[in-house]
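To keep things clear, I will list the structure first and then write my remarks on it.
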Amino acid sequence: MEVTDLSLNGLKLIKPKVFKDNRGFFLETFSESLYKKMGIEWHFQQDNHSYSQKGCVRGMHFQAIPGQAKLVRVASGQIFDVAVDIRPSSPTFGQWEGVILDDQEHSQLYIPVGFAHGFCVLSNEAHVLYKVSAPYDPIQEKGFRWDDPTINIQWPKVDYILSERDRTAPFFQQLNLQRN
């Protein structure tokens with residue numbers, strides 16, 4: 001397994017060992033003890049599965065309290081996966097990083113608490129699986145515009161499909177996240 005620390009503190013790209021032969025492939029998608037050695041020490045409490053069509057944008061979402069760490073992977077298809085640092089005391093507050101996740105490389109993106117998350121489907125369809133460190137709480141669910149000009153995420157050029165919630169989300173500065 002290869003782990004790369006990305007440019008925003010705490011984000012990690014994880015490339016698993018994939019064992020391929022004429023029957024197909026095998027890979028281990030999670031091992032608590034192995035991930036703990038890599039600095040991912042969250043006890044994940046919930047698994048989520050999202051199915052989306054090409055151009056679907058989901059995001060930018062986060063849980064306010066206690067927050068959620070996420071471990072994201074793609075079982076089928078390809079996505080552009082994005083995390084935005086929303087930790088007011090962080091030197092990279094308001095900055096984003098995006099990676100391609102797909103069913104060929106089987107890489108995972110580890111997103112610690114303090115980040116908003118979203119993705120755009122690049123393939124005809126995608127099945128996205130992710131573990132979270134805290135159960136979903138609709139009261140704590142927050143988000144901001146996926147196309148917020150302050151954050152300026154460089155989304156791939158596709159015909160976007162958005163939910164009403166994502167289309168009408170507040171702008172980043174309206175969240176009143178205060179820098180310390």
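By order in the structure tokens, chains are A, B, ...; within a chain, residues start at 1; ligands start at 1, following the order shown.
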
Requested in this report: Pick out the residues sitting within 8 Å of Cys56 (chain A), and hand them over as a list in words; count only C-alpha atoms, and ignore anything fewer than 2 positions along from it in its own chain.
Outcome: Ser52, Gln53, Lys54, Arg58, Cys120, Val121, Tyr160, Ile161 and Leu162 of chain A

Query raised in the report: Leaving out Asp166 (chain A) and any residue of its chain fewer than 6 positions from it, which residues lie within 9 Å of it when counting only C-alpha atoms, given as an NGL selection string?
Result: :A and (57-61 or 143-146)

Requested in this report: Tell me, as a PyMOL selection string, which residues lie within 12 Å of Pro16 (chain A), counting only C-alpha atoms; anything in the same chain fewer than 4 positions away does not count.
Outcome: chain A and resi 1-4+25-31+34-35+73+103-109

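Counting from CA of Gln95 (chain A), the distance to CA of Ile111 (chain A) is 13.7 Å.
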
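Nearest residue to Val128 (chain A), choosing from A:Gly94, A:Gly114, A:Pro170, A:Gly77 and counting only C-alpha atoms: A:Gly77.
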
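Counting from CA of Ile40 (chain A), the distance to CA of Pro138 (chain A) is 25.3 Å.
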
Query raised in the report: Could you pull out all residues of chain A with a DSSP call of helix (DSSP H, G or I) and give them as number ranges by chain?
Result: A: 32-37, 164-167, 172-175

Residue subset to file, keeping C-alpha atoms, as a compact mmCIF listing (two decimals), in the first residue's frame:
```txt
# COMPACT_ATOMS: atom_id res chain seq x y z
CA GLU A 32 -8.19 -0.74 10.86
CA SER A 33 -4.76 -1.76 12.18
CA LEU A 34 -2.98 -1.01 8.88
CA TYR A 35 -4.70 2.36 8.45
CA LYS A 36 -3.89 3.25 12.05
CA LYS A 37 -0.19 2.74 11.24
CA GLU A 164 -31.96 21.56 -5.70
CA ARG A 165 -30.11 21.58 -2.38
CA ASP A 166 -26.69 21.87 -4.04
CA ARG A 167 -27.90 24.39 -6.62
CA PHE A 172 -18.77 29.88 1.44
CA GLN A 173 -18.54 33.31 3.08
CA GLN A 174 -22.16 33.04 4.22
CA LEU A 175 -21.21 30.12 6.50
```

Report task. Using only C-alpha atoms, determine which residues lie at most 10 Å from region 43-45 of chain A, disregarding the query and same-chain residues fewer than 2 positions distant; provide the list as a count of residues only. Result -> 16

Report summary line: Residue with the minimum atom-to-atom distance to Leu8 (chain A), picked from A:Phe62, A:Phe93, A:Phe80, A:Trp42 with only C-alpha atoms counted, is A:Phe93

Report task. Report as a PyMOL selection string: the residues of region 26-121 of chain A with a DSSP assignment of strand (DSSP E), based on the backbone of this structure. Result -> chain A and resi 26-27+46-53+57-63+70-76+78-85+96-102+108-111+115-121

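Using only C-alpha atoms, the shortest contact distance between Pro156 (chain A) and any of A:Phe119, A:Phe19, A:Tyr51, A:Phe171 is found at A:Phe119.
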